[in-house]
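Only one structure is covered here, and it is reproduced in the block below.
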Amino acid sequence: MTRTRQRGLTLVEVVVSSAIFVVLLSMVSGLLSSTASVTNLVNEVTTAQTEAERVVTFLREELRGARSTDMVPIGVGGGEVADQVAFFTVDASAPLFDPAAPQAVPWASERRILRFEADGAEVMDDDMDNDGDFLVAEGRLALYVEVGGVERLLAVIAENVGSDGRDGNGRLRFTVDSSSQAMPTVVADVHVERIMTEAIKGPEDLQALQAGRGPRVSHTSRLFVTLLN
C-alpha cells in the first residue's frame, strides 16, 4: 500500500501568498474608492445643474408675459443692472377681454419684486466666506409682493446661489436691455456650487475652500426672457 505524504506551505510560500493577497486587496479597495469618488462627483454635478435649471425655470415662468416697471440701478454696461427687478403680472381673476377696452391688458394691481439678497451672516461685497459654508458672495433669491408701498415676502425661490462671477464678485444680478428693441429683455446668470467635502485632504484644501476655490463643482444656467412694456 502506497501512502501519500501531504506537504504544508513553507514560510517563504506563506509570506509570498500573503503579499499577493495584500496587493490584490489594495487594488480592489482602490478601485472601489475610485468608483465611489466618481459616483459622488456625478451626483454633485447633477444636483448643481438641476438646482440651477429649477431656479431659471421658475424665473422664466414668473416673468413670462409680465410688464416691467423699474429697477434699482447699481451700474451700467450693456443695459440697466440691478439686484432686483420689479414687474406686474396679468390678473388671473379678471376677464382677458374687456369689450369696453379690447386692447387693454388686465394687469394686476400688486407689484411683484424678484430680489437677490444676503442670507444669514454672509456679506455680499467683501469677497469672503462669512457664514462658514465655503461659498463666497452667495445669497438667496426671494419673491416679494408690494401693496400700498408695503412689501411682503411671498417665497424664497433659492438659497446659496449667485452668479458666475463675471461681474467681479459673484452676485446674482439682473440685466434689462431695452436699447435695441421695443420690449425689454431680462438676462441673469444663476450659479450654483456644491462643495466636495470628501475631497478635503488637508489644511491646503480647507484654506482654498475658504477662499472660494478648492474642491467644488458648479453649474450656471442663463435666464433670457422678454417682458411686455
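Within each chain, counting starts at residue 1; across the C-alpha cells, chains are named A, B, ... in the order shown, with ligands numbered 1 upward in that order.
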Do a neighbour search on segment 42-47 of chain A at 9 Å with only C-alpha atoms, toss out local chain neighbours closer than 4 positions, and write the hits as a PDB file with N, CA, C and O atoms, in the first residue's frame.
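Result file is part-v4.pdb:
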ATOM      1  N   SER A  37     -15.785  57.801  -5.627  1.00  0.00           N
ATOM      2  CA  SER A  37     -15.472  59.215  -5.861  1.00  0.00           C
ATOM      3  C   SER A  37     -16.113  59.709  -7.149  1.00  0.00           C
ATOM      4  O   SER A  37     -16.664  60.816  -7.198  1.00  0.00           O
ATOM      5  N   VAL A  38     -16.035  58.886  -8.199  1.00  0.00           N
ATOM      6  CA  VAL A  38     -16.639  59.266  -9.476  1.00  0.00           C
ATOM      7  C   VAL A  38     -18.157  59.390  -9.336  1.00  0.00           C
ATOM      8  O   VAL A  38     -18.773  60.331  -9.838  1.00  0.00           O
ATOM      9  N   GLU A  51     -30.538  72.158  -9.727  1.00  0.00           N
ATOM     10  CA  GLU A  51     -30.970  73.311  -8.935  1.00  0.00           C
ATOM     11  C   GLU A  51     -30.919  74.597  -9.755  1.00  0.00           C
ATOM     12  O   GLU A  51     -31.841  75.415  -9.707  1.00  0.00           O
ATOM     13  N   ALA A  52     -29.844  74.794 -10.519  1.00  0.00           N
ATOM     14  CA  ALA A  52     -29.734  75.999 -11.341  1.00  0.00           C
ATOM     15  C   ALA A  52     -30.845  76.050 -12.389  1.00  0.00           C
ATOM     16  O   ALA A  52     -31.456  77.103 -12.615  1.00  0.00           O
ATOM     17  N   GLU A 193     -23.134  76.226  -6.674  1.00  0.00           N
ATOM     18  CA  GLU A 193     -21.924  75.469  -6.374  1.00  0.00           C
ATOM     19  C   GLU A 193     -22.217  74.393  -5.330  1.00  0.00           C
ATOM     20  O   GLU A 193     -23.053  74.589  -4.444  1.00  0.00           O
ATOM     21  N   ARG A 194     -21.515  73.274  -5.445  1.00  0.00           N
ATOM     22  CA  ARG A 194     -21.598  72.197  -4.466  1.00  0.00           C
ATOM     23  C   ARG A 194     -20.181  71.886  -4.004  1.00  0.00           C
ATOM     24  O   ARG A 194     -19.266  71.705  -4.810  1.00  0.00           O
ATOM     25  N   ILE A 195     -19.983  71.818  -2.695  1.00  0.00           N
ATOM     26  CA  ILE A 195     -18.660  71.585  -2.121  1.00  0.00           C
ATOM     27  C   ILE A 195     -18.399  70.089  -2.013  1.00  0.00           C
ATOM     28  O   ILE A 195     -19.228  69.330  -1.521  1.00  0.00           O
ATOM     29  N   MET A 196     -17.210  69.661  -2.464  1.00  0.00           N
ATOM     30  CA  MET A 196     -16.809  68.262  -2.386  1.00  0.00           C
ATOM     31  C   MET A 196     -16.055  68.049  -1.071  1.00  0.00           C
ATOM     32  O   MET A 196     -14.823  68.029  -1.017  1.00  0.00           O
ATOM     33  N   ARG A 216     -14.669  71.673  -5.602  1.00  0.00           N
ATOM     34  CA  ARG A 216     -16.086  72.026  -5.723  1.00  0.00           C
ATOM     35  C   ARG A 216     -16.528  71.833  -7.164  1.00  0.00           C
ATOM     36  O   ARG A 216     -15.702  71.783  -8.071  1.00  0.00           O
ATOM     37  N   VAL A 217     -17.810  71.703  -7.347  1.00  0.00           N
ATOM     38  CA  VAL A 217     -18.384  71.650  -8.691  1.00  0.00           C
ATOM     39  C   VAL A 217     -19.419  72.766  -8.793  1.00  0.00           C
ATOM     40  O   VAL A 217     -19.920  73.257  -7.779  1.00  0.00           O
ATOM     41  N   SER A 218     -19.729  73.166 -10.017  1.00  0.00           N
ATOM     42  CA  SER A 218     -20.684  74.260 -10.193  1.00  0.00           C
ATOM     43  C   SER A 218     -21.383  74.135 -11.535  1.00  0.00           C
ATOM     44  O   SER A 218     -20.930  73.425 -12.434  1.00  0.00           O
ATOM     45  N   HIS A 219     -22.491  74.854 -11.624  1.00  0.00           N
ATOM     46  CA  HIS A 219     -23.234  74.914 -12.886  1.00  0.00           C
ATOM     47  C   HIS A 219     -23.919  76.270 -12.962  1.00  0.00           C
ATOM     48  O   HIS A 219     -24.452  76.770 -11.974  1.00  0.00           O
TER      49      HIS A 219
END
I'd like the contact shell of Val150 of chain A - 12 Å cut-off, only C-alpha atoms, skipping same-chain residues fewer than 6 positions apart - returned as JSON, numbers by chain. {"A": [110, 111, 112, 113, 144]}
Best match for closeness to Asn130 of chain A among A:Ala211, A:Leu143, A:Leu114, A:Ile200, counting only C-alpha atoms: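 Smallest distance to Asn130 of chain A is found for A:Ala211.
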Nearest to Glu146 of chain A by atom-to-atom distance, counting only C-alpha atoms, from A:Thr57, A:Ser163, A:Ser109, A:Gln84: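 Between A:Thr57, A:Ser163, A:Ser109, A:Gln84, the residue approaching Glu146 of chain A most closely is A:Ser109.
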Rounded to one decimal, what separation in Å do you get between atom CA of Pro203 of chain A and atom CA of Thr220 of chain A? 28.4 Å
Identify which of the residues A:Gln49, A:Thr185, A:Asn40, A:Thr10 lies closest to Arg64 of chain A, counting only C-alpha atoms when measuring atom-to-atom distances.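 Ranking A:Gln49, A:Thr185, A:Asn40, A:Thr10 by distance to Arg64 of chain A, first place goes to A:Thr185.
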Coordinates-based distance that separates atom CA of Arg173 of chain A from atom CA of Asp189 of chain A (Å, one decimal):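 For atom CA of Asp189 of chain A relative to atom CA of Arg173 of chain A, the distance reads 7.6 Å.
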